[in-house]
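The file protein_38.pdb comes next; it holds PDB, C-alpha atoms.
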ATOM      1  CA  MET A  16     180.271 119.544 209.029  1.00  0.00           C
ATOM      2  CA  ASN A  17     177.918 122.170 207.867  1.00  0.00           C
ATOM      3  CA  PRO A  18     174.523 120.572 207.148  1.00  0.00           C
ATOM      4  CA  LYS A  19     174.165 122.521 203.865  1.00  0.00           C
ATOM      5  CA  ALA A  20     177.512 121.285 202.646  1.00  0.00           C
ATOM      6  CA  LEU A  21     176.604 117.734 203.561  1.00  0.00           C
ATOM      7  CA  ALA A  22     173.276 117.987 201.743  1.00  0.00           C
ATOM      8  CA  LEU A  23     175.043 119.318 198.627  1.00  0.00           C
ATOM      9  CA  MET A  24     177.525 116.444 198.624  1.00  0.00           C
ATOM     10  CA  VAL A  25     174.713 113.877 198.892  1.00  0.00           C
ATOM     11  CA  ALA A  26     172.813 115.520 196.027  1.00  0.00           C
ATOM     12  CA  LEU A  27     175.908 115.436 193.806  1.00  0.00           C
ATOM     13  CA  ALA A  28     176.521 111.769 194.609  1.00  0.00           C
ATOM     14  CA  LEU A  29     172.995 110.841 193.680  1.00  0.00           C
ATOM     15  CA  ALA A  30     172.962 112.917 190.494  1.00  0.00           C
ATOM     16  CA  THR A  31     176.273 111.632 189.025  1.00  0.00           C
ATOM     17  CA  PRO A  32     175.178 107.999 188.096  1.00  0.00           C
ATOM     18  CA  THR A  33     172.046 109.361 186.433  1.00  0.00           C
ATOM     19  CA  ALA A  34     173.953 111.883 184.396  1.00  0.00           C
ATOM     20  CA  PHE A  35     176.507 109.237 183.442  1.00  0.00           C
ATOM     21  CA  ALA A  36     173.756 106.870 182.354  1.00  0.00           C
ATOM     22  CA  GLN A  37     172.157 109.582 180.271  1.00  0.00           C
ATOM     23  CA  MET A  38     175.473 110.340 178.667  1.00  0.00           C
ATOM     24  CA  ARG A  39     175.925 106.656 177.823  1.00  0.00           C
ATOM     25  CA  GLY A  40     172.372 106.350 176.586  1.00  0.00           C
ATOM     26  CA  GLY A  41     172.783 109.335 174.348  1.00  0.00           C
ATOM     27  CA  GLY A  42     175.995 107.953 172.929  1.00  0.00           C
ATOM     28  CA  GLY A  43     174.338 104.573 172.319  1.00  0.00           C
ATOM     29  CA  MET A  44     171.426 106.197 170.557  1.00  0.00           C
ATOM     30  CA  GLN A  45     173.752 108.142 168.333  1.00  0.00           C
ATOM     31  CA  GLY A  46     175.790 105.007 167.607  1.00  0.00           C
ATOM     32  CA  GLY A  47     172.605 103.066 166.829  1.00  0.00           C
ATOM     33  CA  GLN A  48     171.406 105.822 164.525  1.00  0.00           C
ATOM     34  CA  LYS A  49     174.756 105.833 162.726  1.00  0.00           C
ATOM     35  CA  GLN A  50     174.754 102.063 162.445  1.00  0.00           C
ATOM     36  CA  GLY A  51     171.163 102.004 161.203  1.00  0.00           C
ATOM     37  CA  SER A  52     171.974 104.726 158.650  1.00  0.00           C
ATOM     38  CA  SER A  53     174.981 102.752 157.384  1.00  0.00           C
ATOM     39  CA  MET A  54     172.919  99.558 157.035  1.00  0.00           C
ATOM     40  CA  GLY A  55     170.197 101.440 155.223  1.00  0.00           C
ATOM     41  CA  GLN A  56     172.703 102.855 152.759  1.00  0.00           C
ATOM     42  CA  MET A  57     174.148  99.400 152.179  1.00  0.00           C
ATOM     43  CA  GLY A  58     170.667  97.999 151.539  1.00  0.00           C
ATOM     44  CA  GLN A  59     169.910 100.742 149.030  1.00  0.00           C
ATOM     45  CA  GLN A  60     173.208 100.148 147.270  1.00  0.00           C
ATOM     46  CA  GLY A  61     172.491  96.403 147.122  1.00  0.00           C
ATOM     47  CA  GLN A  62     169.047  96.996 145.607  1.00  0.00           C
ATOM     48  CA  GLN A  63     170.463  99.430 143.063  1.00  0.00           C
ATOM     49  CA  GLY A  64     173.174  96.927 142.125  1.00  0.00           C
ATOM     50  CA  GLN A  65     170.617  94.142 141.631  1.00  0.00           C
ATOM     51  CA  MET A  66     168.405  96.402 139.545  1.00  0.00           C
ATOM     52  CA  GLY A  67     171.400  97.386 137.433  1.00  0.00           C
ATOM     53  CA  GLN A  68     172.316  93.744 136.862  1.00  0.00           C
ATOM     54  CA  GLN A  69     168.757  92.894 135.925  1.00  0.00           C
ATOM     55  CA  GLY A  70     168.721  95.795 133.499  1.00  0.00           C
ATOM     56  CA  GLN A  71     171.919  94.546 131.919  1.00  0.00           C
ATOM     57  CA  GLN A  72     170.649  90.963 131.657  1.00  0.00           C
ATOM     58  CA  GLN A  73     167.239  91.836 130.276  1.00  0.00           C
ATOM     59  CA  PRO A  74     168.289  92.362 126.623  1.00  0.00           C
ATOM     60  CA  GLY A  75     170.125  89.047 126.539  1.00  0.00           C
ATOM     61  CA  MET A  76     167.227  87.215 128.129  1.00  0.00           C
ATOM     62  CA  GLN A  77     164.797  88.435 125.523  1.00  0.00           C
ATOM     63  CA  GLY A  78     166.586  86.582 122.693  1.00  0.00           C
ATOM     64  CA  GLN A  79     165.167  86.317 119.178  1.00  0.00           C
ATOM     65  CA  GLY A  80     161.496  86.499 118.448  1.00  0.00           C
ATOM     66  CA  PRO A  81     159.556  84.223 116.031  1.00  0.00           C
ATOM     67  CA  GLY A  82     159.937  86.755 113.238  1.00  0.00           C
ATOM     68  CA  ASP A  83     163.723  86.819 113.594  1.00  0.00           C
ATOM     69  CA  MET A  84     163.917  83.026 113.578  1.00  0.00           C
ATOM     70  CA  ASP A  85     161.766  82.827 110.425  1.00  0.00           C
ATOM     71  CA  ARG A  86     164.000  85.339 108.680  1.00  0.00           C
ATOM     72  CA  ASP A  87     167.075  83.331 109.660  1.00  0.00           C
ATOM     73  CA  ARG A  88     165.547  80.148 108.210  1.00  0.00           C
ATOM     74  CA  ASP A  89     164.624  81.934 104.980  1.00  0.00           C
ATOM     75  CA  ARG A  90     168.150  83.310 104.748  1.00  0.00           C
ATOM     76  CA  ASP A  91     169.578  79.798 105.211  1.00  0.00           C
ATOM     77  CA  ARG A  92     167.312  78.403 102.476  1.00  0.00           C
ATOM     78  CA  ASP A  93     168.298  81.133 100.059  1.00  0.00           C
ATOM     79  CA  ARG A  94     171.967  80.454 100.739  1.00  0.00           C
ATOM     80  CA  ILE A  95     171.693  76.783  99.683  1.00  0.00           C
ATOM     81  CA  ARG A  96     169.045  77.151  96.963  1.00  0.00           C
ATOM     82  CA  ALA A  97     169.935  75.141  93.856  1.00  0.00           C
ATOM     83  CA  SER A  98     171.167  76.781  90.699  1.00  0.00           C
ATOM     84  CA  ASP A  99     169.645  76.011  87.282  1.00  0.00           C
ATOM     85  CA  GLU A 100     172.520  73.642  86.495  1.00  0.00           C
ATOM     86  CA  GLN A 101     171.991  71.812  89.769  1.00  0.00           C
ATOM     87  CA  ARG A 102     168.292  71.471  89.045  1.00  0.00           C
ATOM     88  CA  ASP A 103     169.091  69.837  85.715  1.00  0.00           C
ATOM     89  CA  GLN A 104     171.543  67.463  87.376  1.00  0.00           C
ATOM     90  CA  TYR A 105     169.034  66.663  90.097  1.00  0.00           C
ATOM     91  CA  ARG A 106     166.440  65.678  87.485  1.00  0.00           C
ATOM     92  CA  ALA A 107     169.038  63.498  85.769  1.00  0.00           C
ATOM     93  CA  CYS A 108     169.609  61.687  89.074  1.00  0.00           C
ATOM     94  CA  THR A 109     165.888  61.152  89.517  1.00  0.00           C
ATOM     95  CA  GLN A 110     165.483  59.711  86.028  1.00  0.00           C
ATOM     96  CA  ALA A 111     168.503  57.439  86.453  1.00  0.00           C
ATOM     97  CA  GLN A 112     167.104  56.157  89.726  1.00  0.00           C
ATOM     98  CA  ASP A 113     163.794  55.339  88.059  1.00  0.00           C
ATOM     99  CA  ARG A 114     165.609  53.279  85.444  1.00  0.00           C
ATOM    100  CA  VAL A 115     167.486  51.317  88.116  1.00  0.00           C
ATOM    101  CA  ARG A 116     164.243  50.464  89.889  1.00  0.00           C
ATOM    102  CA  THR A 117     162.550  49.448  86.618  1.00  0.00           C
ATOM    103  CA  GLN A 118     165.485  47.229  85.647  1.00  0.00           C
ATOM    104  CA  ALA A 119     165.597  45.536  89.061  1.00  0.00           C
ATOM    105  CA  ARG A 120     161.888  44.733  88.823  1.00  0.00           C
ATOM    106  CA  GLU A 121     162.326  43.359  85.308  1.00  0.00           C
ATOM    107  CA  LEU A 122     165.015  40.970  86.529  1.00  0.00           C
ATOM    108  CA  GLN A 123     162.791  39.787  89.384  1.00  0.00           C
ATOM    109  CA  GLN A 124     159.911  39.182  86.978  1.00  0.00           C
ATOM    110  CA  ALA A 125     162.059  37.244  84.530  1.00  0.00           C
ATOM    111  CA  ALA A 126     163.471  35.019  87.295  1.00  0.00           C
ATOM    112  CA  ARG A 127     159.930  33.961  88.246  1.00  0.00           C
ATOM    113  CA  GLY A 128     158.919  32.788  84.779  1.00  0.00           C
ATOM    114  CA  GLY A 129     159.736  29.617  82.905  1.00  0.00           C
ATOM    115  CA  GLY A 130     162.563  29.442  80.431  1.00  0.00           C
ATOM    116  CA  PHE A 131     164.756  31.761  82.468  1.00  0.00           C
ATOM    117  CA  SER A 132     168.246  31.045  81.149  1.00  0.00           C
ATOM    118  CA  ALA A 133     171.699  31.999  82.318  1.00  0.00           C
ATOM    119  CA  GLU A 134     172.150  34.117  79.179  1.00  0.00           C
ATOM    120  CA  GLN A 135     168.966  36.080  79.933  1.00  0.00           C
ATOM    121  CA  ALA A 136     169.979  36.512  83.570  1.00  0.00           C
ATOM    122  CA  GLN A 137     173.410  37.843  82.589  1.00  0.00           C
ATOM    123  CA  ARG A 138     171.933  40.231  80.027  1.00  0.00           C
ATOM    124  CA  LEU A 139     169.455  41.653  82.551  1.00  0.00           C
ATOM    125  CA  ARG A 140     172.183  41.835  85.186  1.00  0.00           C
ATOM    126  CA  ASP A 141     174.398  43.822  82.803  1.00  0.00           C
ATOM    127  CA  GLN A 142     171.566  46.230  82.041  1.00  0.00           C
ATOM    128  CA  LEU A 143     170.877  46.677  85.746  1.00  0.00           C
ATOM    129  CA  ARG A 144     174.533  47.434  86.440  1.00  0.00           C
ATOM    130  CA  GLU A 145     174.622  49.977  83.612  1.00  0.00           C
ATOM    131  CA  ARG A 146     171.551  51.745  85.024  1.00  0.00           C
ATOM    132  CA  TYR A 147     173.161  51.756  88.461  1.00  0.00           C
ATOM    133  CA  GLN A 148     176.386  53.265  87.109  1.00  0.00           C
ATOM    134  CA  GLU A 149     174.419  55.986  85.326  1.00  0.00           C
ATOM    135  CA  MET A 150     172.643  56.872  88.568  1.00  0.00           C
ATOM    136  CA  GLU A 151     175.898  56.854  90.504  1.00  0.00           C
ATOM    137  CA  GLN A 152     177.628  59.131  87.991  1.00  0.00           C
ATOM    138  CA  ALA A 153     174.711  61.570  87.960  1.00  0.00           C
ATOM    139  CA  HIS A 154     174.717  61.684  91.750  1.00  0.00           C
ATOM    140  CA  VAL A 155     178.472  62.276  91.919  1.00  0.00           C
ATOM    141  CA  ARG A 156     178.199  65.137  89.421  1.00  0.00           C
ATOM    142  CA  LEU A 157     175.439  66.723  91.487  1.00  0.00           C
ATOM    143  CA  ILE A 158     177.511  66.561  94.667  1.00  0.00           C
ATOM    144  CA  LYS A 159     180.576  67.993  92.917  1.00  0.00           C
ATOM    145  CA  GLU A 160     178.562  70.979  91.742  1.00  0.00           C
ATOM    146  CA  MET A 161     177.430  71.827  95.271  1.00  0.00           C
ATOM    147  CA  SER A 162     178.991  74.675  97.178  1.00  0.00           C
ATOM    148  CA  PRO A 163     180.686  74.038 100.547  1.00  0.00           C
ATOM    149  CA  GLU A 164     177.670  75.579 102.294  1.00  0.00           C
ATOM    150  CA  GLN A 165     175.293  73.243 100.472  1.00  0.00           C
ATOM    151  CA  LYS A 166     177.388  70.198 101.286  1.00  0.00           C
ATOM    152  CA  ASP A 167     177.557  71.183 104.934  1.00  0.00           C
ATOM    153  CA  ALA A 168     173.796  71.744 105.190  1.00  0.00           C
ATOM    154  CA  LEU A 169     172.982  68.481 103.363  1.00  0.00           C
ATOM    155  CA  ARG A 170     175.729  66.242 104.715  1.00  0.00           C
ATOM    156  CA  ASP A 171     173.277  63.983 106.585  1.00  0.00           C
ATOM    157  CA  HIS A 172     171.247  63.270 103.420  1.00  0.00           C
ATOM    158  CA  ILE A 173     174.414  62.769 101.389  1.00  0.00           C
ATOM    159  CA  ARG A 174     175.792  60.344 103.961  1.00  0.00           C
ATOM    160  CA  LYS A 175     172.599  58.276 103.935  1.00  0.00           C
ATOM    161  CA  MET A 176     172.502  58.231 100.140  1.00  0.00           C
ATOM    162  CA  ASP A 177     176.095  57.008 100.000  1.00  0.00           C
ATOM    163  CA  ARG A 178     175.192  54.227 102.399  1.00  0.00           C
ATOM    164  CA  GLU A 179     172.320  53.082 100.158  1.00  0.00           C
ATOM    165  CA  ARG A 180     174.565  53.226  97.092  1.00  0.00           C
ATOM    166  CA  SER A 181     176.960  50.900  98.893  1.00  0.00           C
ATOM    167  CA  ARG A 182     174.107  48.501  99.574  1.00  0.00           C
ATOM    168  CA  MET A 183     173.117  48.529  95.906  1.00  0.00           C
ATOM    169  CA  HIS A 184     176.700  47.811  94.936  1.00  0.00           C
ATOM    170  CA  GLU A 185     176.909  44.912  97.396  1.00  0.00           C
ATOM    171  CA  ALA A 186     173.658  43.422  96.058  1.00  0.00           C
ATOM    172  CA  LEU A 187     175.006  43.625  92.504  1.00  0.00           C
ATOM    173  CA  GLN A 188     178.183  41.867  93.595  1.00  0.00           C
ATOM    174  CA  GLU A 189     176.130  39.086  95.182  1.00  0.00           C
ATOM    175  CA  LEU A 190     174.219  38.813  91.922  1.00  0.00           C
ATOM    176  CA  ASP A 191     177.495  38.445  90.019  1.00  0.00           C
ATOM    177  CA  VAL A 192     178.578  35.646  92.355  1.00  0.00           C
ATOM    178  CA  GLU A 193     175.268  33.831  91.888  1.00  0.00           C
ATOM    179  CA  LEU A 194     175.464  34.001  88.093  1.00  0.00           C
ATOM    180  CA  GLU A 195     178.974  32.536  88.153  1.00  0.00           C
ATOM    181  CA  LYS A 196     177.701  29.312  89.697  1.00  0.00           C
ATOM    182  CA  PRO A 197     177.194  26.286  87.419  1.00  0.00           C
ATOM    183  CA  GLN A 198     173.618  26.010  88.619  1.00  0.00           C
ATOM    184  CA  MET A 199     172.096  29.392  89.348  1.00  0.00           C
ATOM    185  CA  ASP A 200     169.442  29.760  92.059  1.00  0.00           C
ATOM    186  CA  ARG A 201     166.528  31.757  90.691  1.00  0.00           C
ATOM    187  CA  ALA A 202     165.186  32.499  94.170  1.00  0.00           C
ATOM    188  CA  ARG A 203     168.502  34.028  95.191  1.00  0.00           C
ATOM    189  CA  ILE A 204     168.649  36.035  91.964  1.00  0.00           C
ATOM    190  CA  ARG A 205     165.222  37.469  92.727  1.00  0.00           C
ATOM    191  CA  GLN A 206     166.336  38.280  96.279  1.00  0.00           C
ATOM    192  CA  HIS A 207     169.443  40.146  95.125  1.00  0.00           C
ATOM    193  CA  ALA A 208     167.424  42.107  92.572  1.00  0.00           C
ATOM    194  CA  ARG A 209     164.879  42.921  95.280  1.00  0.00           C
ATOM    195  CA  ASP A 210     167.695  44.156  97.549  1.00  0.00           C
ATOM    196  CA  VAL A 211     168.767  46.528  94.784  1.00  0.00           C
ATOM    197  CA  GLU A 212     165.208  47.778  94.426  1.00  0.00           C
ATOM    198  CA  LYS A 213     164.761  48.353  98.169  1.00  0.00           C
ATOM    199  CA  ALA A 214     168.057  50.208  98.466  1.00  0.00           C
ATOM    200  CA  THR A 215     167.030  52.313  95.478  1.00  0.00           C
ATOM    201  CA  GLU A 216     163.751  53.224  97.172  1.00  0.00           C
ATOM    202  CA  ARG A 217     165.575  54.333 100.309  1.00  0.00           C
ATOM    203  CA  TRP A 218     168.052  56.274  98.177  1.00  0.00           C
ATOM    204  CA  ARG A 219     165.160  57.988  96.393  1.00  0.00           C
ATOM    205  CA  LYS A 220     163.640  59.070  99.725  1.00  0.00           C
ATOM    206  CA  GLN A 221     166.873  60.819 100.718  1.00  0.00           C
ATOM    207  CA  HIS A 222     167.203  62.225  97.205  1.00  0.00           C
ATOM    208  CA  ARG A 223     163.726  63.746  97.456  1.00  0.00           C
ATOM    209  CA  GLU A 224     164.441  65.282 100.857  1.00  0.00           C
ATOM    210  CA  LEU A 225     167.730  66.658  99.564  1.00  0.00           C
ATOM    211  CA  GLY A 226     165.838  68.269  96.700  1.00  0.00           C
ATOM    212  CA  GLU A 227     163.376  69.865  99.090  1.00  0.00           C
ATOM    213  CA  GLU A 228     166.244  71.406 101.037  1.00  0.00           C
ATOM    214  CA  LEU A 229     167.567  72.819  97.772  1.00  0.00           C
ATOM    215  CA  GLY A 230     164.186  74.358  96.966  1.00  0.00           C
ATOM    216  CA  MET A 231     163.054  71.687  94.464  1.00  0.00           C
ATOM    217  CA  ARG A 232     159.900  70.374  96.118  1.00  0.00           C
ATOM    218  CA  LYS A 233     158.259  69.365  92.826  1.00  0.00           C
ATOM    219  CA  GLU A 234     161.258  68.013  91.014  1.00  0.00           C
ATOM    220  CA  SER A 235     160.993  64.356  92.119  1.00  0.00           C
TER
END
If you convert what's in this file into structure tokens, what do you get?
Amino acid sequence: MNPKALALMVALALATPTAFAQMRGGGGMQGGQKQGSSMGQMGQQGQQGQMGQQGQQQPGMQGQGPGDMDRDRDRDRDRIRASDEQRDQYRACTQAQDRVRTQARELQQAARGGGFSAEQAQRLRDQLRERYQEMEQAHVRLIKEMSPEQKDALRDHIRKMDRERSRMHEALQELDVELEKPQMDRARIRQHARDVEKATERWRKQHRELGEELGMRKES
């Protein structure tokens, strides 16, 4: 074989793997660049999406400020503020409650002294029941005059006041039972009258708080 031809064949054999490797390397570099570009685009899209979501959530996260909350509370108070008629009825309830408390104390005082008779006990009991009925009627009229919004806003106070009225009624019933006995127990009479007084005090506390909610802080 011609030596030049042989040398050319050897040179081609040696050059082919290198060229092939370069071709592969170039293809890999291009593939890596494409892959890196795609990942970079995905990362940018992800960041933009997160920023967009944060921008959308930001207004909702801010919520109401102190000024907005104060205005809402003022608006709620104005909505349930008492009318002139309700103020008059509220004062009537307060005065009736004072008379119940005074009458209950009078019965307790009389039961402590000498000469306390069954006739005196029954007369004071009747007066106490009348004062209680006047307070109850005044309270019922006040509740009837309230708007649905007022009743809804004050339902907790109204519920507690009704519970204390029930306790007053129960104490008066116990007093009736005691006075029906042939031999009345003055200590028990005093206790029942004291129960009426205590329930009246608790009722008055709820009545005062109800008035404050209605804008009548100085009415009771």
The PyMOL selection byres ((chain A and resi 186-200) around 8) resolved against shown file, as a list in words:
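The output of the PyMOL selection byres ((chain A and resi 186-200) around 8) on this file is Ala133, Ala136, Gln137, Arg140, Arg144, Arg182, Met183, His184, Glu185, Arg201, Ala202, Arg203, Ile204, His207, Ala208, Asp210 and Val211 of chain A.
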Keeping C-alpha atoms, export the residues of the selection given above as a PDB file, in the coordinates of the input.
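The new file selection02.pdb reads:
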ATOM      1  CA  ALA A 133     171.699  31.999  82.318  1.00  0.00           C
ATOM      2  CA  ALA A 136     169.979  36.512  83.570  1.00  0.00           C
ATOM      3  CA  GLN A 137     173.410  37.843  82.589  1.00  0.00           C
ATOM      4  CA  ARG A 140     172.183  41.835  85.186  1.00  0.00           C
ATOM      5  CA  ARG A 144     174.533  47.434  86.440  1.00  0.00           C
ATOM      6  CA  ARG A 182     174.107  48.501  99.574  1.00  0.00           C
ATOM      7  CA  MET A 183     173.117  48.529  95.906  1.00  0.00           C
ATOM      8  CA  HIS A 184     176.700  47.811  94.936  1.00  0.00           C
ATOM      9  CA  GLU A 185     176.909  44.912  97.396  1.00  0.00           C
ATOM     10  CA  ARG A 201     166.528  31.757  90.691  1.00  0.00           C
ATOM     11  CA  ALA A 202     165.186  32.499  94.170  1.00  0.00           C
ATOM     12  CA  ARG A 203     168.502  34.028  95.191  1.00  0.00           C
ATOM     13  CA  ILE A 204     168.649  36.035  91.964  1.00  0.00           C
ATOM     14  CA  HIS A 207     169.443  40.146  95.125  1.00  0.00           C
ATOM     15  CA  ALA A 208     167.424  42.107  92.572  1.00  0.00           C
ATOM     16  CA  ASP A 210     167.695  44.156  97.549  1.00  0.00           C
ATOM     17  CA  VAL A 211     168.767  46.528  94.784  1.00  0.00           C
TER      18      VAL A 211
END
Run the PyMOL selection byres ((chain A and resi 179) around 12) against the file shown and list the residues it catches, as a ChimeraX atom specification.
/A:147,151,172-178,180-186,210-222
Expected file: the selected residues, C-alpha atoms, as a PDB file, in the coordinates of the input:
ATOM      1  CA  TYR A 147     173.161  51.756  88.461  1.00  0.00           C
ATOM      2  CA  GLU A 151     175.898  56.854  90.504  1.00  0.00           C
ATOM      3  CA  HIS A 172     171.247  63.270 103.420  1.00  0.00           C
ATOM      4  CA  ILE A 173     174.414  62.769 101.389  1.00  0.00           C
ATOM      5  CA  ARG A 174     175.792  60.344 103.961  1.00  0.00           C
ATOM      6  CA  LYS A 175     172.599  58.276 103.935  1.00  0.00           C
ATOM      7  CA  MET A 176     172.502  58.231 100.140  1.00  0.00           C
ATOM      8  CA  ASP A 177     176.095  57.008 100.000  1.00  0.00           C
ATOM      9  CA  ARG A 178     175.192  54.227 102.399  1.00  0.00           C
ATOM     10  CA  ARG A 180     174.565  53.226  97.092  1.00  0.00           C
ATOM     11  CA  SER A 181     176.960  50.900  98.893  1.00  0.00           C
ATOM     12  CA  ARG A 182     174.107  48.501  99.574  1.00  0.00           C
ATOM     13  CA  MET A 183     173.117  48.529  95.906  1.00  0.00           C
ATOM     14  CA  HIS A 184     176.700  47.811  94.936  1.00  0.00           C
ATOM     15  CA  GLU A 185     176.909  44.912  97.396  1.00  0.00           C
ATOM     16  CA  ALA A 186     173.658  43.422  96.058  1.00  0.00           C
ATOM     17  CA  ASP A 210     167.695  44.156  97.549  1.00  0.00           C
ATOM     18  CA  VAL A 211     168.767  46.528  94.784  1.00  0.00           C
ATOM     19  CA  GLU A 212     165.208  47.778  94.426  1.00  0.00           C
ATOM     20  CA  LYS A 213     164.761  48.353  98.169  1.00  0.00           C
ATOM     21  CA  ALA A 214     168.057  50.208  98.466  1.00  0.00           C
ATOM     22  CA  THR A 215     167.030  52.313  95.478  1.00  0.00           C
ATOM     23  CA  GLU A 216     163.751  53.224  97.172  1.00  0.00           C
ATOM     24  CA  ARG A 217     165.575  54.333 100.309  1.00  0.00           C
ATOM     25  CA  TRP A 218     168.052  56.274  98.177  1.00  0.00           C
ATOM     26  CA  ARG A 219     165.160  57.988  96.393  1.00  0.00           C
ATOM     27  CA  LYS A 220     163.640  59.070  99.725  1.00  0.00           C
ATOM     28  CA  GLN A 221     166.873  60.819 100.718  1.00  0.00           C
ATOM     29  CA  HIS A 222     167.203  62.225  97.205  1.00  0.00           C
TER      30      HIS A 222
END
Please write as a list in words the full residue list that the PyMOL selection byres ((chain A and resi 165) around 9) yields on this file.
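Selected by the PyMOL selection byres ((chain A and resi 165) around 9) here: Arg94, Ile95, Arg96, Ala97, Met161, Ser162, Pro163, Glu164, Lys166, Asp167, Ala168, Leu169, Arg170 and Leu229 of chain A.
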Please, could you write that set of residues out with C-alpha atoms as an mmCIF file, in the frame of the given file?
data_model
loop_
_atom_site.group_PDB
_atom_site.id
_atom_site.type_symbol
_atom_site.label_atom_id
_atom_site.label_comp_id
_atom_site.auth_asym_id
_atom_site.auth_seq_id
_atom_site.Cartn_x
_atom_site.Cartn_y
_atom_site.Cartn_z
ATOM 1 C CA ARG A 94 171.967 80.454 100.739
ATOM 2 C CA ILE A 95 171.693 76.783 99.683
ATOM 3 C CA ARG A 96 169.045 77.151 96.963
ATOM 4 C CA ALA A 97 169.935 75.141 93.856
ATOM 5 C CA MET A 161 177.430 71.827 95.271
ATOM 6 C CA SER A 162 178.991 74.675 97.178
ATOM 7 C CA PRO A 163 180.686 74.038 100.547
ATOM 8 C CA GLU A 164 177.670 75.579 102.294
ATOM 9 C CA LYS A 166 177.388 70.198 101.286
ATOM 10 C CA ASP A 167 177.557 71.183 104.934
ATOM 11 C CA ALA A 168 173.796 71.744 105.190
ATOM 12 C CA LEU A 169 172.982 68.481 103.363
ATOM 13 C CA ARG A 170 175.729 66.242 104.715
ATOM 14 C CA LEU A 229 167.567 72.819 97.772
#
Do you know which residues are at most 7 Å from segment 119-125 of chain A counting only C-alpha atoms, after dropping those on the same chain fewer than 2 positions away, and could you put them as a PyMOL selection string?
chain A and resi 115-117+127-128+131+139+143+205+208-209+211-212
Please work out which residues fall within 12 Å of (171.8, 63.7, 87.6), coordinates as given in the file, with all atoms listed in the file counting, and return them as a ChimeraX atom specification.
/A:100-113,148-160,222,226,234-235
Can you tell me how far atom CA of Gln118 of chain A sits from atom CA of Arg223 of chain A, in Å to one decimal?
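Interatomic distance here is 20.4 Å.
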How many Å lie between atom CA of Gly230 of chain A and atom CA of Asp171 of chain A, rounded to one decimal?
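Between atom CA of Gly230 of chain A and atom CA of Asp171 of chain A the gap is 16.8 Å.
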Gap from atom CA of Ser132 of chain A to atom CA of Glu145 of chain A - Å, one decimal
20.1 Å
Extending 3 Å beyond the listed atoms of segment 191-194 of chain A on each side, what axis-aligned box results? I want centre and edge lengths in Å to one decimal, as lines of an AutoDock Vina configuration file.
center_x = 176.9
center_y = 36.1
center_z = 90.2
size_x = 9.3
size_y = 10.6
size_z = 10.3
